[in-house]
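Worksheet for the structure shown next.
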Amino acid sequence: MDLGIAGKWALVGGASKGLGWGCARALALEGVNVVMVARGAEVLNKSVDDLRMETGGKVQLIGVAVDITTEAGREAIWNVAGGPGKDYDIVVTNAGGPPPGDFRDWNREAWIKAIDGNMLTPIELIKATVDGMAARGFGRIINITSSAVKAPIDVLGLSNGARSGLTGFVAGASRSAIAAKGVTINNLLPGKFDTDRIRATLPAMAQKQGKTVEEMRAIQQAQIPAGRYGNPQEFGAICAFLCSQHAAYMTGQNVLADGGAYPGSF
Ligand code: NAP
């Protein structure tokens, strides 16, 4: 299927590895020019170079090594040489998730950091780009959130809280006047994907249940109807479809990618 987005410009946060990388790769393979953001320059530059090889130089790929959750980082993104300024057609909001823990230990600073990273940063990125998209008559915004928005995970309270705030905002913003101007905003909710993020959260969960990390991994996989963790490539393919011309009539949705783990009918 031709997704009809070749030649467009995408901004993808958290794109040096994991789910953001999966989205950047899937879009680039569809002919989309991509600005890829992550803080660590070394891993990011390698990911950009590898993708340049894979796409045979057919698209423009630009790495920006900044913290996307800061104003200075976002300024650097809008001003990067060779980029489209704020005139993106596609924006995939994503950065690292907050750390796991016990809610009794989280002070105001921990909460502000989580809200900044997982709620206010996506909102700032949307604010900066959405009116230009509407004026040009095409726009796709995908927020990578979490299945924890639908089925909260106790040790990920910072994530549950901050992402639920974003979800409420998107429900309203996606249905505003931009909806009739070809702009869609959807949230893509990962369940369990085999990335560094899951490798970082597993030890806390294992410790809480008195298991080894390997035992915890096996328990989690057995609880997923698909019987396995997902991989970034299949996550990226769903993201690319949501960014396609074919998904024009889908907006304000929370799309789960979790191997069937969420047990509800809706
Ligand atoms: P990951 O493999 O750890 O990758 C995170 C990416 O984001 C890296 O490229 C990282 O690079 C970048 N990043 C982190 N903080 C950043 C910042 N402040 N500014 C710019 N880039 C930043 O994580 P992932 O599994 O892909 O997870 C992506 C998101 O999905 C996270 O918010 C995570 O909580 C959420 N999620 C993941 C799963 C899962 O199963 N994997 C499930 C539910 C939700 P640098 O560190 O170099 O910046």
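Identifiers for the structure tokens are assigned positionally: chains receive A, B, ... in sequence, residues are indexed from 1 per chain, and ligands are indexed from 1 in the order shown.
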Site check for ligand 1: residues at most 7 Å away, only C-alpha atoms and all ligand atoms, as a PDB file with N, CA, C and O atoms, in the first residue's frame:
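The resulting file, out.pdb, is reproduced below:
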```pdb
ATOM      1  N   GLY A  13      10.553  12.588  17.927  1.00  0.00           N
ATOM      2  CA  GLY A  13      11.286  12.681  19.185  1.00  0.00           C
ATOM      3  C   GLY A  13      11.765  11.306  19.632  1.00  0.00           C
ATOM      4  O   GLY A  13      11.202  10.286  19.234  1.00  0.00           O
ATOM      5  N   GLY A  14      12.782  11.295  20.465  1.00  0.00           N
ATOM      6  CA  GLY A  14      13.295  10.027  21.014  1.00  0.00           C
ATOM      7  C   GLY A  14      13.581   9.015  19.924  1.00  0.00           C
ATOM      8  O   GLY A  14      13.177   7.856  20.012  1.00  0.00           O
ATOM      9  N   ALA A  15      14.311   9.452  18.874  1.00  0.00           N
ATOM     10  CA  ALA A  15      14.384   8.651  17.647  1.00  0.00           C
ATOM     11  C   ALA A  15      15.692   7.894  17.462  1.00  0.00           C
ATOM     12  O   ALA A  15      15.890   7.270  16.431  1.00  0.00           O
ATOM     13  N   SER A  16      16.574   7.926  18.465  1.00  0.00           N
ATOM     14  CA  SER A  16      17.846   7.226  18.239  1.00  0.00           C
ATOM     15  C   SER A  16      17.719   5.728  18.467  1.00  0.00           C
ATOM     16  O   SER A  16      18.542   4.941  18.002  1.00  0.00           O
ATOM     17  N   LYS A  17      16.680   5.308  19.195  1.00  0.00           N
ATOM     18  CA  LYS A  17      16.481   3.869  19.439  1.00  0.00           C
ATOM     19  C   LYS A  17      15.025   3.639  19.851  1.00  0.00           C
ATOM     20  O   LYS A  17      14.255   4.601  20.031  1.00  0.00           O
ATOM     21  N   GLY A  18      14.671   2.384  20.015  1.00  0.00           N
ATOM     22  CA  GLY A  18      13.349   2.047  20.548  1.00  0.00           C
ATOM     23  C   GLY A  18      12.198   2.452  19.634  1.00  0.00           C
ATOM     24  O   GLY A  18      12.304   2.431  18.407  1.00  0.00           O
ATOM     25  N   LEU A  19      11.094   2.838  20.258  1.00  0.00           N
ATOM     26  CA  LEU A  19       9.850   3.068  19.514  1.00  0.00           C
ATOM     27  C   LEU A  19       9.956   4.276  18.586  1.00  0.00           C
ATOM     28  O   LEU A  19       9.433   4.250  17.463  1.00  0.00           O
ATOM     29  N   GLY A  20      10.613   5.360  19.047  1.00  0.00           N
ATOM     30  CA  GLY A  20      10.791   6.536  18.195  1.00  0.00           C
ATOM     31  C   GLY A  20      11.604   6.184  16.961  1.00  0.00           C
ATOM     32  O   GLY A  20      11.274   6.597  15.839  1.00  0.00           O
ATOM     33  N   TRP A  21      12.655   5.406  17.156  1.00  0.00           N
ATOM     34  CA  TRP A  21      13.464   4.956  16.026  1.00  0.00           C
ATOM     35  C   TRP A  21      12.596   4.131  15.054  1.00  0.00           C
ATOM     36  O   TRP A  21      12.682   4.305  13.834  1.00  0.00           O
ATOM     37  N   VAL A  37      15.377  13.261  16.750  1.00  0.00           N
ATOM     38  CA  VAL A  37      15.881  13.928  17.957  1.00  0.00           C
ATOM     39  C   VAL A  37      16.195  12.916  19.056  1.00  0.00           C
ATOM     40  O   VAL A  37      15.424  11.965  19.268  1.00  0.00           O
ATOM     41  N   ALA A  38      17.308  13.112  19.735  1.00  0.00           N
ATOM     42  CA  ALA A  38      17.641  12.388  20.975  1.00  0.00           C
ATOM     43  C   ALA A  38      18.751  13.183  21.643  1.00  0.00           C
ATOM     44  O   ALA A  38      19.377  14.029  20.993  1.00  0.00           O
ATOM     45  N   ARG A  39      18.990  12.930  22.937  1.00  0.00           N
ATOM     46  CA  ARG A  39      20.018  13.721  23.619  1.00  0.00           C
ATOM     47  C   ARG A  39      21.424  13.232  23.289  1.00  0.00           C
ATOM     48  O   ARG A  39      22.324  14.024  23.072  1.00  0.00           O
ATOM     49  N   GLY A  40      21.617  11.936  23.256  1.00  0.00           N
ATOM     50  CA  GLY A  40      22.960  11.378  23.066  1.00  0.00           C
ATOM     51  C   GLY A  40      23.359  11.418  21.596  1.00  0.00           C
ATOM     52  O   GLY A  40      22.791  10.697  20.762  1.00  0.00           O
ATOM     53  N   ALA A  41      24.376  12.261  21.279  1.00  0.00           N
ATOM     54  CA  ALA A  41      24.753  12.476  19.875  1.00  0.00           C
ATOM     55  C   ALA A  41      25.318  11.213  19.222  1.00  0.00           C
ATOM     56  O   ALA A  41      25.032  10.935  18.053  1.00  0.00           O
ATOM     57  N   VAL A  43      24.844   7.845  19.688  1.00  0.00           N
ATOM     58  CA  VAL A  43      23.861   6.823  19.265  1.00  0.00           C
ATOM     59  C   VAL A  43      22.966   7.401  18.170  1.00  0.00           C
ATOM     60  O   VAL A  43      22.646   6.731  17.183  1.00  0.00           O
ATOM     61  N   LEU A  44      22.601   8.680  18.330  1.00  0.00           N
ATOM     62  CA  LEU A  44      21.726   9.318  17.337  1.00  0.00           C
ATOM     63  C   LEU A  44      22.408   9.369  15.965  1.00  0.00           C
ATOM     64  O   LEU A  44      21.805   8.981  14.947  1.00  0.00           O
ATOM     65  N   VAL A  66      19.493  17.061  21.147  1.00  0.00           N
ATOM     66  CA  VAL A  66      19.057  17.995  22.201  1.00  0.00           C
ATOM     67  C   VAL A  66      18.053  17.298  23.113  1.00  0.00           C
ATOM     68  O   VAL A  66      17.509  16.235  22.775  1.00  0.00           O
ATOM     69  N   ASP A  67      17.808  17.925  24.249  1.00  0.00           N
ATOM     70  CA  ASP A  67      16.750  17.472  25.150  1.00  0.00           C
ATOM     71  C   ASP A  67      15.452  18.136  24.688  1.00  0.00           C
ATOM     72  O   ASP A  67      15.280  19.351  24.836  1.00  0.00           O
ATOM     73  N   ILE A  68      14.547  17.339  24.134  1.00  0.00           N
ATOM     74  CA  ILE A  68      13.318  17.885  23.536  1.00  0.00           C
ATOM     75  C   ILE A  68      12.363  18.426  24.602  1.00  0.00           C
ATOM     76  O   ILE A  68      11.418  19.150  24.284  1.00  0.00           O
ATOM     77  N   THR A  69      12.622  18.085  25.866  1.00  0.00           N
ATOM     78  CA  THR A  69      11.720  18.555  26.928  1.00  0.00           C
ATOM     79  C   THR A  69      12.082  19.971  27.393  1.00  0.00           C
ATOM     80  O   THR A  69      11.427  20.514  28.274  1.00  0.00           O
ATOM     81  N   ASN A  94       7.599  12.149  21.470  1.00  0.00           N
ATOM     82  CA  ASN A  94       8.137  11.020  22.222  1.00  0.00           C
ATOM     83  C   ASN A  94       9.414  11.442  22.926  1.00  0.00           C
ATOM     84  O   ASN A  94      10.196  12.219  22.393  1.00  0.00           O
ATOM     85  N   ALA A  95       9.575  10.975  24.150  1.00  0.00           N
ATOM     86  CA  ALA A  95      10.844  11.128  24.877  1.00  0.00           C
ATOM     87  C   ALA A  95      10.858   9.996  25.898  1.00  0.00           C
ATOM     88  O   ALA A  95       9.939   9.169  25.907  1.00  0.00           O
ATOM     89  N   GLY A  96      11.833   9.953  26.724  1.00  0.00           N
ATOM     90  CA  GLY A  96      11.890   8.872  27.706  1.00  0.00           C
ATOM     91  C   GLY A  96      10.725   8.966  28.688  1.00  0.00           C
ATOM     92  O   GLY A  96      10.182  10.045  28.917  1.00  0.00           O
ATOM     93  N   GLY A  97      10.351   7.830  29.222  1.00  0.00           N
ATOM     94  CA  GLY A  97       9.292   7.813  30.229  1.00  0.00           C
ATOM     95  C   GLY A  97       9.859   8.091  31.612  1.00  0.00           C
ATOM     96  O   GLY A  97      11.062   7.951  31.847  1.00  0.00           O
ATOM     97  N   PRO A  98       9.001   8.503  32.555  1.00  0.00           N
ATOM     98  CA  PRO A  98       9.462   8.742  33.929  1.00  0.00           C
ATOM     99  C   PRO A  98       9.903   7.434  34.595  1.00  0.00           C
ATOM    100  O   PRO A  98       9.471   6.357  34.175  1.00  0.00           O
ATOM    101  N   GLY A 117       7.948  16.358  30.726  1.00  0.00           N
ATOM    102  CA  GLY A 117       8.402  15.442  29.673  1.00  0.00           C
ATOM    103  C   GLY A 117       7.273  14.771  28.918  1.00  0.00           C
ATOM    104  O   GLY A 117       7.329  14.618  27.695  1.00  0.00           O
ATOM    105  N   ILE A 144       3.284   9.260  21.287  1.00  0.00           N
ATOM    106  CA  ILE A 144       3.562   7.934  21.852  1.00  0.00           C
ATOM    107  C   ILE A 144       3.291   8.043  23.347  1.00  0.00           C
ATOM    108  O   ILE A 144       3.979   8.784  24.066  1.00  0.00           O
ATOM    109  N   THR A 145       2.245   7.385  23.819  1.00  0.00           N
ATOM    110  CA  THR A 145       1.929   7.448  25.253  1.00  0.00           C
ATOM    111  C   THR A 145       2.191   6.076  25.873  1.00  0.00           C
ATOM    112  O   THR A 145       3.333   5.617  25.865  1.00  0.00           O
ATOM    113  N   SER A 146       1.166   5.384  26.329  1.00  0.00           N
ATOM    114  CA  SER A 146       1.400   4.086  26.962  1.00  0.00           C
ATOM    115  C   SER A 146       0.069   3.380  27.180  1.00  0.00           C
ATOM    116  O   SER A 146      -0.960   4.031  27.417  1.00  0.00           O
ATOM    117  N   SER A 147       0.110   2.051  27.147  1.00  0.00           N
ATOM    118  CA  SER A 147      -1.097   1.287  27.492  1.00  0.00           C
ATOM    119  C   SER A 147      -1.497   1.571  28.941  1.00  0.00           C
ATOM    120  O   SER A 147      -2.639   1.338  29.340  1.00  0.00           O
ATOM    121  N   ALA A 148      -0.550   2.117  29.722  1.00  0.00           N
ATOM    122  CA  ALA A 148      -0.840   2.445  31.124  1.00  0.00           C
ATOM    123  C   ALA A 148      -1.887   3.549  31.248  1.00  0.00           C
ATOM    124  O   ALA A 148      -2.453   3.742  32.326  1.00  0.00           O
ATOM    125  N   LEU A 189      -0.519   3.832  21.806  1.00  0.00           N
ATOM    126  CA  LEU A 189      -0.278   3.331  23.167  1.00  0.00           C
ATOM    127  C   LEU A 189       0.489   2.009  23.146  1.00  0.00           C
ATOM    128  O   LEU A 189      -0.124   0.954  22.890  1.00  0.00           O
ATOM    129  N   PRO A 190       1.804   2.043  23.388  1.00  0.00           N
ATOM    130  CA  PRO A 190       2.530   0.776  23.427  1.00  0.00           C
ATOM    131  C   PRO A 190       2.199  -0.024  24.677  1.00  0.00           C
ATOM    132  O   PRO A 190       2.066   0.532  25.770  1.00  0.00           O
ATOM    133  N   GLY A 191       2.063  -1.321  24.486  1.00  0.00           N
ATOM    134  CA  GLY A 191       2.025  -2.234  25.632  1.00  0.00           C
ATOM    135  C   GLY A 191       3.479  -2.544  25.968  1.00  0.00           C
ATOM    136  O   GLY A 191       4.250  -1.634  26.241  1.00  0.00           O
ATOM    137  N   LYS A 192       3.868  -3.800  25.871  1.00  0.00           N
ATOM    138  CA  LYS A 192       5.249  -4.141  26.217  1.00  0.00           C
ATOM    139  C   LYS A 192       6.075  -4.392  24.948  1.00  0.00           C
ATOM    140  O   LYS A 192       5.812  -5.351  24.216  1.00  0.00           O
ATOM    141  N   PHE A 193       7.055  -3.531  24.736  1.00  0.00           N
ATOM    142  CA  PHE A 193       7.940  -3.647  23.573  1.00  0.00           C
ATOM    143  C   PHE A 193       9.364  -3.875  24.038  1.00  0.00           C
ATOM    144  O   PHE A 193       9.782  -3.324  25.066  1.00  0.00           O
ATOM    145  N   ASP A 194      10.087  -4.670  23.271  1.00  0.00           N
ATOM    146  CA  ASP A 194      11.441  -5.037  23.649  1.00  0.00           C
ATOM    147  C   ASP A 194      12.408  -3.903  23.310  1.00  0.00           C
ATOM    148  O   ASP A 194      13.020  -3.875  22.245  1.00  0.00           O
ATOM    149  N   THR A 195      12.514  -2.951  24.224  1.00  0.00           N
ATOM    150  CA  THR A 195      13.424  -1.806  24.041  1.00  0.00           C
ATOM    151  C   THR A 195      14.187  -1.597  25.349  1.00  0.00           C
ATOM    152  O   THR A 195      13.899  -2.248  26.356  1.00  0.00           O
ATOM    153  N   ASP A 196      15.105  -0.629  25.329  1.00  0.00           N
ATOM    154  CA  ASP A 196      15.871  -0.330  26.555  1.00  0.00           C
ATOM    155  C   ASP A 196      14.954   0.116  27.687  1.00  0.00           C
ATOM    156  O   ASP A 196      15.261  -0.083  28.857  1.00  0.00           O
ATOM    157  N   ARG A 197      13.828   0.769  27.326  1.00  0.00           N
ATOM    158  CA  ARG A 197      12.896   1.254  28.352  1.00  0.00           C
ATOM    159  C   ARG A 197      12.386   0.072  29.188  1.00  0.00           C
ATOM    160  O   ARG A 197      12.349   0.125  30.410  1.00  0.00           O
ATOM    161  N   ILE A 198      11.979  -0.990  28.527  1.00  0.00           N
ATOM    162  CA  ILE A 198      11.436  -2.124  29.287  1.00  0.00           C
ATOM    163  C   ILE A 198      12.557  -2.796  30.087  1.00  0.00           C
ATOM    164  O   ILE A 198      12.342  -3.249  31.213  1.00  0.00           O
TER     165      ILE A 198
END
```
- Item | DSSP alpha helix (DSSP H) residues within segment 65-228 of chain A, as a PyMOL selection string | chain A and resi 71-78+108-115+121-136+157-173+196-208+213-223
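Neighbours of Tyr88 of chain A closer than or equal to 10 Å, with only C-alpha atoms counted and sequence neighbours fewer than 2 positions away skipped, come out as Lys8, Trp9, Ala10, Leu11, Asn33, Val34, Val35, Trp78, Gly83, Pro84, Gly85, Lys86, Ile90, Val91, Ala128, Thr129, Val130, Gly132, Met133, Phe138, Gly139, Arg140 and Ile141 of chain A.
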- Message: If I take atom CA of Gly236 of chain A and atom CA of Leu158 of chain A, how far is one from the other in Å, to one decimal?
- Response: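 Computing it gives 25.0 Å between the two atoms.
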- Item | Computed interatomic separation between atom CA of Asn118 of chain A and atom CA of Val149 of chain A (Å) |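 The value is 11.9 Å.
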- Which distance in Å separates atom CA of Gly7 of chain A and atom CA of Leu29 of chain A, to one decimal? 11.1 Å
- Option closest in space to Asn187 of chain A, from A:Ala248, A:Ala162, A:Leu202, A:Val255 [counting only C-alpha atoms]: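 Smallest separation from Asn187 of chain A among the options: A:Val255.
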